[in-house]
Structures are given as C-alpha cells and as structure tokens.
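Listing of start-v4.txt, compact mmCIF, C-alpha atoms
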# COMPACT_ATOMS: atom_id res chain seq x y z
CA MET A 1 68.35 30.50 -75.95
CA LYS A 2 67.69 30.96 -72.24
CA GLN A 3 67.43 34.77 -72.03
CA MET A 4 63.94 35.81 -70.93
CA ILE A 5 61.58 37.54 -73.34
CA THR A 6 58.88 39.84 -71.91
CA ILE A 7 55.71 40.57 -73.87
CA LEU A 8 53.58 43.34 -72.41
CA GLY A 9 50.73 45.53 -73.57
CA PRO A 10 47.28 46.81 -72.64
CA THR A 11 44.21 44.63 -72.34
CA ALA A 12 42.83 43.41 -75.70
CA SER A 13 46.16 43.84 -77.50
CA GLY A 14 46.62 40.11 -78.18
CA LYS A 15 49.61 39.46 -75.92
CA THR A 16 48.85 35.85 -75.03
CA PRO A 17 48.45 34.37 -78.54
CA LEU A 18 51.62 36.20 -79.57
CA ALA A 19 53.52 34.81 -76.57
CA ALA A 20 52.24 31.31 -77.38
CA ALA A 21 53.23 31.59 -81.05
CA LEU A 22 56.69 32.81 -80.03
CA ALA A 23 57.02 30.02 -77.45
CA LYS A 24 56.41 27.46 -80.18
CA GLU A 25 59.10 29.08 -82.30
CA ILE A 26 61.82 29.27 -79.62
CA ASP A 27 60.86 26.31 -77.39
CA GLY A 28 59.63 28.60 -74.65
CA GLU A 29 57.30 28.40 -71.68
CA ILE A 30 55.08 31.24 -70.46
CA ILE A 31 54.95 32.92 -67.05
CA SER A 32 51.76 34.95 -66.65
CA ALA A 33 52.04 38.50 -65.34
CA ASP A 34 48.37 39.05 -64.63
CA SER A 35 47.31 39.88 -61.07
CA ARG A 36 43.88 38.25 -61.39
CA GLN A 37 44.55 35.14 -63.48
CA VAL A 38 46.17 33.58 -60.41
CA TYR A 39 42.66 32.86 -59.07
CA ARG A 40 40.91 29.56 -59.75
CA ARG A 41 37.37 29.62 -61.17
CA MET A 42 37.77 33.28 -62.14
CA ASP A 43 38.10 32.46 -65.82
CA ILE A 44 35.84 34.52 -68.08
CA GLY A 45 36.21 37.77 -66.16
CA THR A 46 40.01 37.57 -66.12
CA GLY A 47 40.20 36.53 -69.77
CA LYS A 48 42.29 33.41 -69.24
CA ASP A 49 41.37 32.03 -72.67
CA LEU A 50 43.47 28.92 -72.05
CA GLU A 51 42.82 27.72 -75.59
CA GLU A 52 45.27 30.42 -76.70
CA TYR A 53 48.09 28.32 -75.23
CA VAL A 54 47.40 25.66 -77.86
CA VAL A 55 49.16 26.55 -81.11
CA GLY A 56 49.49 24.86 -84.48
CA ARG A 57 47.07 22.57 -86.27
CA GLN A 58 46.18 18.99 -85.52
CA GLU A 59 45.88 18.05 -89.19
CA SER A 60 49.39 19.27 -90.01
CA GLY A 61 50.87 17.46 -87.02
CA ASP A 62 52.37 20.55 -85.38
CA LYS A 63 49.73 21.17 -82.71
CA ARG A 64 51.38 21.95 -79.40
CA ASN A 65 50.30 22.81 -75.85
CA ILE A 66 52.50 25.60 -74.51
CA PRO A 67 53.26 25.20 -70.79
CA TYR A 68 52.18 28.15 -68.64
CA TYR A 69 52.76 29.18 -65.03
CA LEU A 70 51.06 31.35 -62.36
CA ILE A 71 47.52 30.79 -63.60
CA ASP A 72 44.98 29.06 -61.31
CA ILE A 73 47.31 28.90 -58.30
CA VAL A 74 45.20 30.37 -55.44
CA GLU A 75 41.58 30.27 -54.30
CA PRO A 76 39.17 33.18 -54.87
CA GLY A 77 38.87 35.36 -51.78
CA THR A 78 42.64 35.23 -51.24
CA LYS A 79 44.47 38.57 -51.18
CA TYR A 80 47.35 37.59 -53.45
CA ASN A 81 50.07 40.25 -53.42
CA LEU A 82 53.24 41.43 -55.12
CA PHE A 83 55.57 39.77 -52.61
CA GLN A 84 53.93 36.38 -53.26
CA TYR A 85 54.09 36.97 -56.99
CA GLN A 86 57.83 37.60 -56.85
CA GLN A 87 58.41 34.33 -54.99
CA ASP A 88 56.15 32.38 -57.36
CA PHE A 89 57.76 34.00 -60.40
CA PHE A 90 61.24 32.94 -59.33
CA ASP A 91 60.09 29.39 -58.70
CA ALA A 92 58.58 29.26 -62.21
CA TYR A 93 61.57 31.01 -63.79
CA ASN A 94 64.08 28.64 -62.23
CA ASN A 95 61.94 25.65 -63.21
CA ILE A 96 61.83 26.75 -66.87
CA ILE A 97 65.57 27.48 -66.97
CA GLY A 98 66.21 24.13 -65.29
CA ASN A 99 64.22 22.41 -68.02
CA GLY A 100 66.43 24.01 -70.65
CA LYS A 101 63.57 26.13 -72.00
CA THR A 102 63.23 29.87 -72.63
CA PRO A 103 61.04 31.81 -70.16
CA ILE A 104 58.53 34.23 -71.68
CA LEU A 105 56.95 36.67 -69.24
CA CYS A 106 53.58 37.79 -70.61
CA GLY A 107 50.92 40.06 -69.17
CA GLY A 108 49.54 43.49 -68.52
CA THR A 109 50.10 44.03 -64.79
CA GLY A 110 52.87 46.59 -65.02
CA LEU A 111 53.73 46.52 -61.31
CA TYR A 112 54.30 42.75 -61.40
CA ILE A 113 56.40 42.97 -64.56
CA GLU A 114 58.54 45.81 -63.31
CA ALA A 115 58.99 44.18 -59.90
CA VAL A 116 60.61 41.05 -61.32
CA LEU A 117 62.60 42.81 -64.04
CA LYS A 118 64.00 45.40 -61.62
CA GLY A 119 64.25 43.11 -58.58
CA TYR A 120 62.05 45.01 -56.12
CA LYS A 121 63.12 44.43 -52.54
CA LEU A 122 60.02 43.46 -50.57
CA SER A 123 59.08 41.86 -47.27
CA PRO A 124 55.82 40.05 -46.39
CA VAL A 125 53.43 42.26 -44.42
CA PRO A 126 50.77 40.66 -42.17
CA GLN A 127 47.29 42.12 -41.78
CA ASN A 128 46.86 44.67 -38.99
CA GLN A 129 43.27 44.28 -37.78
CA GLU A 130 43.49 47.17 -35.30
CA LEU A 131 44.70 49.53 -38.04
CA ARG A 132 42.01 48.30 -40.42
CA GLU A 133 39.30 49.00 -37.84
CA ARG A 134 40.64 52.54 -37.31
CA LEU A 135 40.58 53.19 -41.06
CA GLU A 136 37.15 51.65 -41.66
CA GLY A 137 34.61 54.23 -42.79
CA LYS A 138 37.14 56.72 -44.12
CA SER A 139 36.67 57.93 -47.69
CA LEU A 140 39.07 57.06 -50.51
CA THR A 141 40.25 60.69 -50.53
CA GLU A 142 41.06 60.56 -46.80
CA LEU A 143 42.82 57.22 -47.17
CA THR A 144 44.86 58.49 -50.11
CA GLN A 145 46.00 61.51 -48.05
CA ILE A 146 47.06 59.19 -45.21
CA LEU A 147 48.94 56.98 -47.66
CA MET A 148 50.72 59.90 -49.31
CA ALA A 149 51.90 61.14 -45.89
CA LEU A 150 53.22 57.69 -45.00
CA LYS A 151 54.95 57.36 -48.36
CA GLU A 152 56.67 60.68 -47.85
CA LYS A 153 57.81 59.60 -44.39
CA ASN A 154 59.01 56.25 -45.74
CA GLY A 155 60.62 57.63 -48.89
CA SER A 156 58.52 55.07 -50.76
CA ASN A 157 57.51 55.50 -54.37
CA MET A 158 56.62 51.98 -55.41
CA HIS A 159 52.83 52.28 -55.27
CA ASN A 160 51.00 54.67 -57.57
CA THR A 161 47.39 55.73 -57.98
CA THR A 162 46.46 52.55 -59.85
CA ASP A 163 47.08 50.66 -56.58
CA VAL A 164 44.59 52.76 -54.58
CA ASP A 165 41.54 52.78 -56.82
CA SER A 166 39.38 51.37 -54.01
CA CYS A 167 39.25 51.82 -50.23
CA GLN A 168 40.38 48.23 -49.67
CA ARG A 169 43.47 48.67 -51.80
CA ALA A 170 44.28 51.99 -50.12
CA ILE A 171 43.97 50.41 -46.66
CA ARG A 172 46.29 47.58 -47.68
CA ALA A 173 48.83 50.08 -49.01
CA ILE A 174 48.62 52.04 -45.72
CA GLU A 175 49.07 48.76 -43.85
CA ILE A 176 52.27 48.04 -45.79
CA GLU A 177 53.72 51.52 -45.31
CA THR A 178 52.87 51.49 -41.59
CA TYR A 179 54.47 48.07 -41.11
CA ASN A 180 57.67 49.16 -42.84
CA ILE A 181 57.93 52.18 -40.52
CA GLU A 182 57.22 50.20 -37.33
CA HIS A 183 59.15 47.03 -38.19
CA PRO A 184 62.45 47.75 -39.91
CA MET A 185 63.77 44.41 -41.09
CA PRO A 186 66.14 43.01 -43.68
CA LEU A 187 64.35 42.92 -47.01
CA ARG A 188 64.54 39.76 -49.07
CA GLU A 189 66.65 40.56 -52.09
CA LEU A 190 65.76 39.04 -55.43
CA PRO A 191 68.01 39.78 -58.39
CA PRO A 192 66.80 41.79 -61.39
CA ILE A 193 66.10 39.63 -64.43
CA PRO A 194 67.58 40.74 -67.76
CA SER A 195 65.00 40.54 -70.51
CA LEU A 196 64.26 41.64 -74.05
CA ILE A 197 61.01 43.58 -73.67
CA VAL A 198 58.45 43.66 -76.47
CA GLY A 199 55.39 45.90 -76.22
CA VAL A 200 52.24 45.21 -78.22
CA ASN A 201 50.83 48.53 -79.34
CA ILE A 202 47.22 48.80 -80.45
CA ASP A 203 45.58 51.91 -81.87
CA ARG A 204 43.29 53.59 -79.34
CA GLU A 205 40.13 53.28 -81.46
CA GLN A 206 40.88 49.68 -82.39
CA ARG A 207 41.50 48.93 -78.73
CA ARG A 208 38.19 50.52 -77.70
CA GLU A 209 36.29 48.58 -80.36
CA LYS A 210 37.95 45.30 -79.38
CA ILE A 211 37.31 45.89 -75.65
CA THR A 212 33.60 46.54 -76.26
CA ARG A 213 33.23 43.52 -78.56
CA ARG A 214 35.06 41.27 -76.11
CA LEU A 215 33.01 42.51 -73.15
CA LYS A 216 29.75 41.68 -74.95
CA ALA A 217 31.09 38.22 -75.85
CA ARG A 218 32.14 37.50 -72.26
CA LEU A 219 28.78 38.56 -70.86
CA GLU A 220 27.03 36.37 -73.42
CA GLY A 221 29.50 33.57 -72.64
CA GLY A 222 28.55 33.29 -68.98
CA MET A 223 30.49 35.93 -67.06
CA VAL A 224 27.51 36.89 -64.89
CA GLU A 225 26.91 33.20 -64.12
CA GLU A 226 30.59 32.80 -63.22
CA VAL A 227 30.42 35.62 -60.66
CA LYS A 228 27.11 34.29 -59.29
CA ALA A 229 28.69 30.86 -58.79
CA LEU A 230 31.53 32.44 -56.79
CA LEU A 231 29.01 34.28 -54.59
CA ASP A 232 26.98 31.08 -54.19
CA GLU A 233 30.02 29.17 -52.93
CA GLY A 234 30.35 31.70 -50.12
CA ILE A 235 32.93 34.17 -51.34
CA PRO A 236 31.93 37.54 -49.85
CA ALA A 237 30.74 40.20 -52.29
CA GLU A 238 33.31 42.65 -50.92
CA ASP A 239 36.12 40.23 -51.79
CA LEU A 240 34.95 40.03 -55.40
CA ILE A 241 34.51 43.80 -55.56
CA TYR A 242 38.13 44.10 -54.32
CA TYR A 243 39.34 42.37 -57.51
CA GLY A 244 37.95 45.25 -59.57
CA LEU A 245 36.67 45.59 -63.13
CA GLU A 246 34.42 42.68 -64.18
CA TYR A 247 34.13 41.23 -60.69
CA LYS A 248 33.40 44.58 -59.08
CA PHE A 249 30.68 45.70 -61.50
CA VAL A 250 29.03 42.31 -62.06
CA THR A 251 28.91 41.70 -58.29
CA GLU A 252 27.29 45.10 -57.75
CA TYR A 253 24.70 44.15 -60.38
CA LEU A 254 24.04 40.75 -58.78
CA VAL A 255 23.52 42.23 -55.30
CA GLY A 256 21.06 44.75 -56.71
CA LYS A 257 23.13 47.93 -56.60
CA THR A 258 22.87 48.57 -60.35
CA THR A 259 20.82 47.53 -63.35
CA TYR A 260 22.29 45.38 -66.11
CA GLU A 261 22.50 48.39 -68.44
CA GLU A 262 24.27 50.50 -65.79
CA MET A 263 26.64 47.63 -65.08
CA PHE A 264 27.57 47.27 -68.75
CA GLN A 265 28.10 50.99 -69.31
CA ARG A 266 30.17 51.52 -66.16
CA LEU A 267 32.23 48.38 -66.75
CA GLU A 268 32.94 49.31 -70.36
CA ILE A 269 34.19 52.74 -69.28
CA ALA A 270 36.27 51.21 -66.47
CA ILE A 271 38.01 48.76 -68.84
CA HIS A 272 38.84 51.59 -71.27
CA GLN A 273 40.29 53.59 -68.36
CA PHE A 274 42.21 50.54 -67.16
CA ALA A 275 43.82 50.06 -70.60
CA LYS A 276 44.83 53.72 -70.59
CA ARG A 277 46.42 53.32 -67.14
CA GLN A 278 48.31 50.27 -68.36
CA MET A 279 49.83 52.26 -71.20
CA THR A 280 50.70 55.07 -68.79
CA TRP A 281 52.57 52.55 -66.63
CA PHE A 282 54.48 51.12 -69.60
CA ARG A 283 55.47 54.61 -70.78
CA GLY A 284 56.61 55.25 -67.22
CA MET A 285 58.79 52.12 -67.40
CA GLU A 286 60.50 53.62 -70.43
CA ARG A 287 61.16 56.83 -68.50
CA ARG A 288 62.58 54.71 -65.68
CA GLY A 289 65.17 53.21 -68.01
CA PHE A 290 63.53 50.15 -69.58
CA THR A 291 63.82 49.71 -73.35
CA ILE A 292 60.52 48.50 -74.80
CA HIS A 293 60.48 47.45 -78.45
CA TRP A 294 56.96 48.25 -79.70
CA ILE A 295 55.29 46.27 -82.45
CA GLU A 296 51.85 46.83 -83.95
CA ALA A 297 49.08 44.55 -82.70
CA MET A 298 47.04 44.41 -85.91
CA GLN A 299 49.80 42.87 -88.04
CA PRO A 300 49.54 39.18 -89.05
CA MET A 301 50.83 36.83 -86.36
CA GLU A 302 53.63 35.57 -88.59
CA GLU A 303 54.90 39.12 -89.07
CA LYS A 304 54.85 39.87 -85.34
CA VAL A 305 56.78 36.69 -84.52
CA LYS A 306 59.23 37.49 -87.32
CA GLN A 307 59.87 40.95 -85.85
CA ILE A 308 60.51 39.50 -82.40
CA MET A 309 62.89 36.91 -83.86
CA GLN A 310 64.78 39.76 -85.56
CA LEU A 311 65.00 41.57 -82.22
CA ILE A 312 66.31 38.39 -80.56
CA THR A 313 68.96 38.02 -83.25
CA LYS A 314 69.96 41.69 -83.03
CA ASN A 315 70.14 41.73 -79.20
CA TYR A 316 71.51 38.27 -78.50
CA GLY A 317 73.37 37.51 -81.71
CA LEU A 318 71.49 34.25 -82.26

What do you get writing this file as structure tokens?
Amino acid sequence: MKQMITILGPTASGKTPLAAALAKEIDGEIISADSRQVYRRMDIGTGKDLEEYVVGRQESGDKRNIPYYLIDIVEPGTKYNLFQYQQDFFDAYNNIIGNGKTPILCGGTGLYIEAVLKGYKLSPVPQNQELRERLEGKSLTELTQILMALKEKNGSNMHNTTDVDSCQRAIRAIEIETYNIEHPMPLRELPPIPSLIVGVNIDREQRREKITRRLKARLEGGMVEEVKALLDEGIPAEDLIYYGLEYKFVTEYLVGKTTYEEMFQRLEIAIHQFAKRQMTWFRGMERRGFTIHWIEAMQPMEEKVKQIMQLITKNYGL
C-alpha cells in the first residue's frame, strides 16, 4: 500500500507511538508534522521522544527502528516556515514512495498538515527589515489589527489567531501579507495529497492530567538545562521565546523574568490552551471538508492499530 495515512491529534494524545506501531504493521515510514521538532538540540521541550520510533522487542526478534523524516533538520535560531515545510515534506514523501514504502504523516501542527493535504499555494517571502523596524514597539493588539486589514485587502484567510500569539509571529504574518500585495508573482503549486486521516481523541480531563504529568517529568529530565545550553551557545533569548510554550516560559525563567513556580504554572496553562487550540483547528478541518476518523487514545495499542487497519481495508479495499 502506498496511499498516505495521516495521524493527528492534540499534544499528549500518543500520536507518535501509534504511528510507529502502524508503520511496523504496514511497512511505513513517518513524516513528522511538528513545527518545532525540526530544530536540532531542542529535544525535551519539543517532546521528540525518539525512542518511540523503536517498536517491538529485542528478545522476540521483531525489534525495528522506524525511519522518520523532518526531525532535527535545521539549527535553533532559524525561522523555519510553512513554505520550507512544504518543500521538505514533498522531498520526504517522494523518497518514501520511491522506496516502495507507505508514508505516514504524524503530528499536531494543524497548519502544516492541512497545507500538504490541501496543497496550499505559497511563495517564499524574504525578511523586510524596514517594515520590521516600523512595526517594532507596537502592541500585539495593534499588530493584529494591521494584519487583519492586510488580510482583508489580500483576500487571505490562511493564517488564524494561533499564528499571531506573539508580536514576532504577528510581524512575520504582516511581512508575508505585505509582500504578497507588493510583489505579485506566480505561486509555486504543489498538488494536494490524498490521505486517510485518523484523529487520536483523548478525554479532556485525561489530557490535562497527562500534560501535567509529562511537564513535571520533562522538567525533572533536564528541560531547563536544555534551554540553558541553547542560551549558552549564543542563541538569543528572543529567538527561543519566539518558539513558544516550553522555550518561551523556561527562557523567561532563566533570564530572571519569572520564578520557577510562576514558570511552571504559566507553562502548564499555556500547554492546556495549546491542546485546546489544536482540537479547534482539527474540528475546523472537518468543517472545511476533511474526513477525520477519530479513535480513542486510551485504548490498548493493539486495538488502535486494528481499528486503523479496518479503516484502511474499508477505504482502500486492501
């Protein structure tokens, strides 16, 4: 089978181990759809958990390393974007198909997933230093108003509020909209990718409990030290704050803006809110015409894989 399978869901829903277990079953390879796992040395905070790509048991002789793509591909401090992701996705996708394997797209960055499934038409947009200087110092509210006016002028509806949750992100979005107004150019067309889409649904309270437990484990496992090492190697604090969530709040703690307790409380709330936004995006995908087959996260792994195999058989007649 060469038809792509997409596994999506909110943070802490167990997408990656499910994708790895499915990959073992159908001889698949995984393409990550996570906007922060592309960065090297940003491991604990992005939840790479690369051991999850090893499935089976050594003693039974069926242990297997599942190949994965689009993890650890750029340096921290880089402003990786959707256009680059589309290009990198197609390189990985074509490589997997060329190897005779089944591509499995797995992640929680809804914009990235929808972009490749729908075939967003994008063009690379360079930085506009003069524009950035004019916008510097404006509040997030002011920047959002500017962006909304540009979007209306452009007839653009690709970005939503999850893309402007910081001043830096809002400025970049304004930069893109301004460029598209001032520099009309042929957009690179990439075809939509047909895919069976499986959503991993986790009960809200179970999700909250798992997020809190995982956050404590990551902090105890060296997440603060990871962020400190990135700062020590010269990556500016504002670049780490740009990446949001763990890197934003831990950096603010390390530079003395907050206490450890404040950092933990604010970060915990932010991750809960992030998971809620992810689910809002996925429900929006359904309204925009995507069919997502939801399965329950807390079932045994064997049952979840079995349900996906049944969906594959039903949809592809295999």

Test item: residues at most 12 Å from Gln129 (chain A), all atoms listed in the file, excluding those fewer than 5 positions along its chain, as a list in words:
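Those residues are Arg134, Leu135, Glu136, Ile171, Arg172 and Glu175 of chain A.
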
Skip region 44-57 of chain A itself and residues of its chain fewer than 3 positions away, then list as JSON, numbers by chain all residues within 8 Å of it, counting all atoms listed in the file.
{"A": [16, 17, 20, 21, 24, 36, 37, 60, 61, 62, 63, 64, 65, 66, 67, 68, 218, 221, 222, 223, 226, 246, 247]}

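Once region 274-283 of chain A and its same-chain neighbours fewer than 6 positions away are set aside, Gly9, Pro10, Thr11, Gly108, Thr109, Gly110 and Thr162 of chain A remain within 8 Å of it when counting only C-alpha atoms.
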
File of the preceding selection, C-alpha atoms, as a PDB file, keeping the file's coordinate frame:
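New file part.pdb:
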ATOM      1  CA  GLY A   9      50.730  45.530 -73.570  1.00  0.00           C
ATOM      2  CA  PRO A  10      47.280  46.810 -72.640  1.00  0.00           C
ATOM      3  CA  THR A  11      44.210  44.630 -72.340  1.00  0.00           C
ATOM      4  CA  GLY A 108      49.540  43.490 -68.520  1.00  0.00           C
ATOM      5  CA  THR A 109      50.100  44.030 -64.790  1.00  0.00           C
ATOM      6  CA  GLY A 110      52.870  46.590 -65.020  1.00  0.00           C
ATOM      7  CA  THR A 162      46.460  52.550 -59.850  1.00  0.00           C
TER       8      THR A 162
END

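Distances to Asn201 (chain A) were evaluated for A:Val305, A:Leu311, A:Met298, A:Ile5 using all atoms listed in the file, and the minimum falls at A:Met298.
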
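Take the candidates A:Leu105, A:Glu252, A:Tyr120, A:Val198 and check each one against His293 (chain A) using all atoms listed in the file; the shortest distance goes to A:Val198.
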
Excluding same-chain residues fewer than 4 positions from Glu233 (chain A), what lies within 12 Å of it counting only C-alpha atoms, as an mmCIF file with C-alpha atoms, in the frame of the given file?
data_model
loop_
_atom_site.group_PDB
_atom_site.id
_atom_site.type_symbol
_atom_site.label_atom_id
_atom_site.label_comp_id
_atom_site.auth_asym_id
_atom_site.auth_seq_id
_atom_site.Cartn_x
_atom_site.Cartn_y
_atom_site.Cartn_z
ATOM 1 C CA ARG A 41 37.370 29.620 -61.170
ATOM 2 C CA GLU A 75 41.580 30.270 -54.300
ATOM 3 C CA PRO A 76 39.170 33.180 -54.870
ATOM 4 C CA GLY A 77 38.870 35.360 -51.780
ATOM 5 C CA GLU A 226 30.590 32.800 -63.220
ATOM 6 C CA VAL A 227 30.420 35.620 -60.660
ATOM 7 C CA LYS A 228 27.110 34.290 -59.290
ATOM 8 C CA ALA A 229 28.690 30.860 -58.790
ATOM 9 C CA ALA A 237 30.740 40.200 -52.290
#

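Of note, CA of Pro103 (chain A) and CA of Ile31 (chain A) are spaced 6.9 Å apart.
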
Using all atoms listed in the file, pick whichever of A:Pro194, A:Asp88, A:Glu29, A:Gly199 has the shortest atom-to-atom distance to Tyr316 (chain A).
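Among A:Pro194, A:Asp88, A:Glu29, A:Gly199, it is A:Pro194 that comes nearest to Tyr316 (chain A).
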
Compare A:Lys2, A:Pro300, A:Arg207, A:Glu268 by their minimum atom-to-atom distance to Leu219 (chain A), counting only C-alpha atoms, and give me the closest one.
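Between A:Lys2, A:Pro300, A:Arg207, A:Glu268, the residue approaching Leu219 (chain A) most closely is A:Glu268.
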
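From CA of Gly107 (chain A) back to CA of Gln299 (chain A), the distance works out to 19.1 Å.
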
Can you tell me, as JSON, the centre and edge lengths (Å, one decimal) of the axis-aligned box enclosing all of region 268-277 of chain A's listed atoms after padding each side by 4 Å?
{"center_x": 39.7, "center_y": 51.2, "center_z": -68.9, "size_x": 21.5, "size_y": 13.0, "size_z": 12.8}

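Residue neighbourhood of Lys210 (chain A), excluding near-sequence residues (fewer than 2 positions): Pro10, Thr11, Ala12, Ser13, Gly14, Ile202, Asp203, Arg204, Glu205, Gln206, Arg207, Arg208, Thr212, Arg213, Arg214, Leu215, Lys216, Ala217, Glu268, Ile271, His272, Ala275, Ala297 and Met298 of chain A, at 12 Å, using all atoms listed in the file.
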
For region 19-35 of chain A, supply N, CA and C atoms and format the output as a PDB file, in the coordinates of the input.
ATOM      1  N   ALA A  19      52.557  35.502 -77.427  1.00  0.00           N
ATOM      2  CA  ALA A  19      53.520  34.810 -76.570  1.00  0.00           C
ATOM      3  C   ALA A  19      53.530  33.309 -76.861  1.00  0.00           C
ATOM      4  N   ALA A  20      52.336  32.744 -77.089  1.00  0.00           N
ATOM      5  CA  ALA A  20      52.240  31.310 -77.380  1.00  0.00           C
ATOM      6  C   ALA A  20      52.882  30.979 -78.721  1.00  0.00           C
ATOM      7  N   ALA A  21      52.631  31.825 -79.725  1.00  0.00           N
ATOM      8  CA  ALA A  21      53.230  31.590 -81.050  1.00  0.00           C
ATOM      9  C   ALA A  21      54.749  31.698 -80.967  1.00  0.00           C
ATOM     10  N   LEU A  22      55.240  32.664 -80.193  1.00  0.00           N
ATOM     11  CA  LEU A  22      56.690  32.810 -80.030  1.00  0.00           C
ATOM     12  C   LEU A  22      57.267  31.621 -79.268  1.00  0.00           C
ATOM     13  N   ALA A  23      56.549  31.163 -78.238  1.00  0.00           N
ATOM     14  CA  ALA A  23      57.020  30.020 -77.450  1.00  0.00           C
ATOM     15  C   ALA A  23      57.202  28.787 -78.325  1.00  0.00           C
ATOM     16  N   LYS A  24      56.304  28.593 -79.264  1.00  0.00           N
ATOM     17  CA  LYS A  24      56.410  27.460 -80.180  1.00  0.00           C
ATOM     18  C   LYS A  24      57.665  27.589 -81.044  1.00  0.00           C
ATOM     19  N   GLU A  25      57.967  28.821 -81.425  1.00  0.00           N
ATOM     20  CA  GLU A  25      59.100  29.080 -82.300  1.00  0.00           C
ATOM     21  C   GLU A  25      60.442  28.886 -81.590  1.00  0.00           C
ATOM     22  N   ILE A  26      60.524  29.280 -80.317  1.00  0.00           N
ATOM     23  CA  ILE A  26      61.820  29.270 -79.620  1.00  0.00           C
ATOM     24  C   ILE A  26      61.884  28.245 -78.484  1.00  0.00           C
ATOM     25  N   ASP A  27      60.906  27.332 -78.438  1.00  0.00           N
ATOM     26  CA  ASP A  27      60.860  26.310 -77.390  1.00  0.00           C
ATOM     27  C   ASP A  27      60.782  26.972 -76.013  1.00  0.00           C
ATOM     28  N   GLY A  28      59.785  27.851 -75.887  1.00  0.00           N
ATOM     29  CA  GLY A  28      59.630  28.600 -74.650  1.00  0.00           C
ATOM     30  C   GLY A  28      58.459  28.134 -73.811  1.00  0.00           C
ATOM     31  N   GLU A  29      58.421  28.633 -72.577  1.00  0.00           N
ATOM     32  CA  GLU A  29      57.300  28.400 -71.680  1.00  0.00           C
ATOM     33  C   GLU A  29      56.910  29.745 -71.071  1.00  0.00           C
ATOM     34  N   ILE A  30      55.614  29.924 -70.789  1.00  0.00           N
ATOM     35  CA  ILE A  30      55.080  31.240 -70.460  1.00  0.00           C
ATOM     36  C   ILE A  30      54.819  31.397 -68.969  1.00  0.00           C
ATOM     37  N   ILE A  31      55.273  32.527 -68.427  1.00  0.00           N
ATOM     38  CA  ILE A  31      54.950  32.920 -67.050  1.00  0.00           C
ATOM     39  C   ILE A  31      53.967  34.073 -67.136  1.00  0.00           C
ATOM     40  N   SER A  32      52.777  33.892 -66.596  1.00  0.00           N
ATOM     41  CA  SER A  32      51.760  34.950 -66.650  1.00  0.00           C
ATOM     42  C   SER A  32      52.125  36.087 -65.704  1.00  0.00           C
ATOM     43  N   ALA A  33      51.891  37.306 -66.180  1.00  0.00           N
ATOM     44  CA  ALA A  33      52.040  38.500 -65.340  1.00  0.00           C
ATOM     45  C   ALA A  33      50.699  39.209 -65.292  1.00  0.00           C
ATOM     46  N   ASP A  34      49.721  38.503 -64.753  1.00  0.00           N
ATOM     47  CA  ASP A  34      48.370  39.050 -64.630  1.00  0.00           C
ATOM     48  C   ASP A  34      47.917  38.851 -63.181  1.00  0.00           C
ATOM     49  N   SER A  35      47.585  39.945 -62.511  1.00  0.00           N
ATOM     50  CA  SER A  35      47.310  39.880 -61.070  1.00  0.00           C
ATOM     51  C   SER A  35      46.017  39.164 -60.727  1.00  0.00           C
TER      52      SER A  35
END
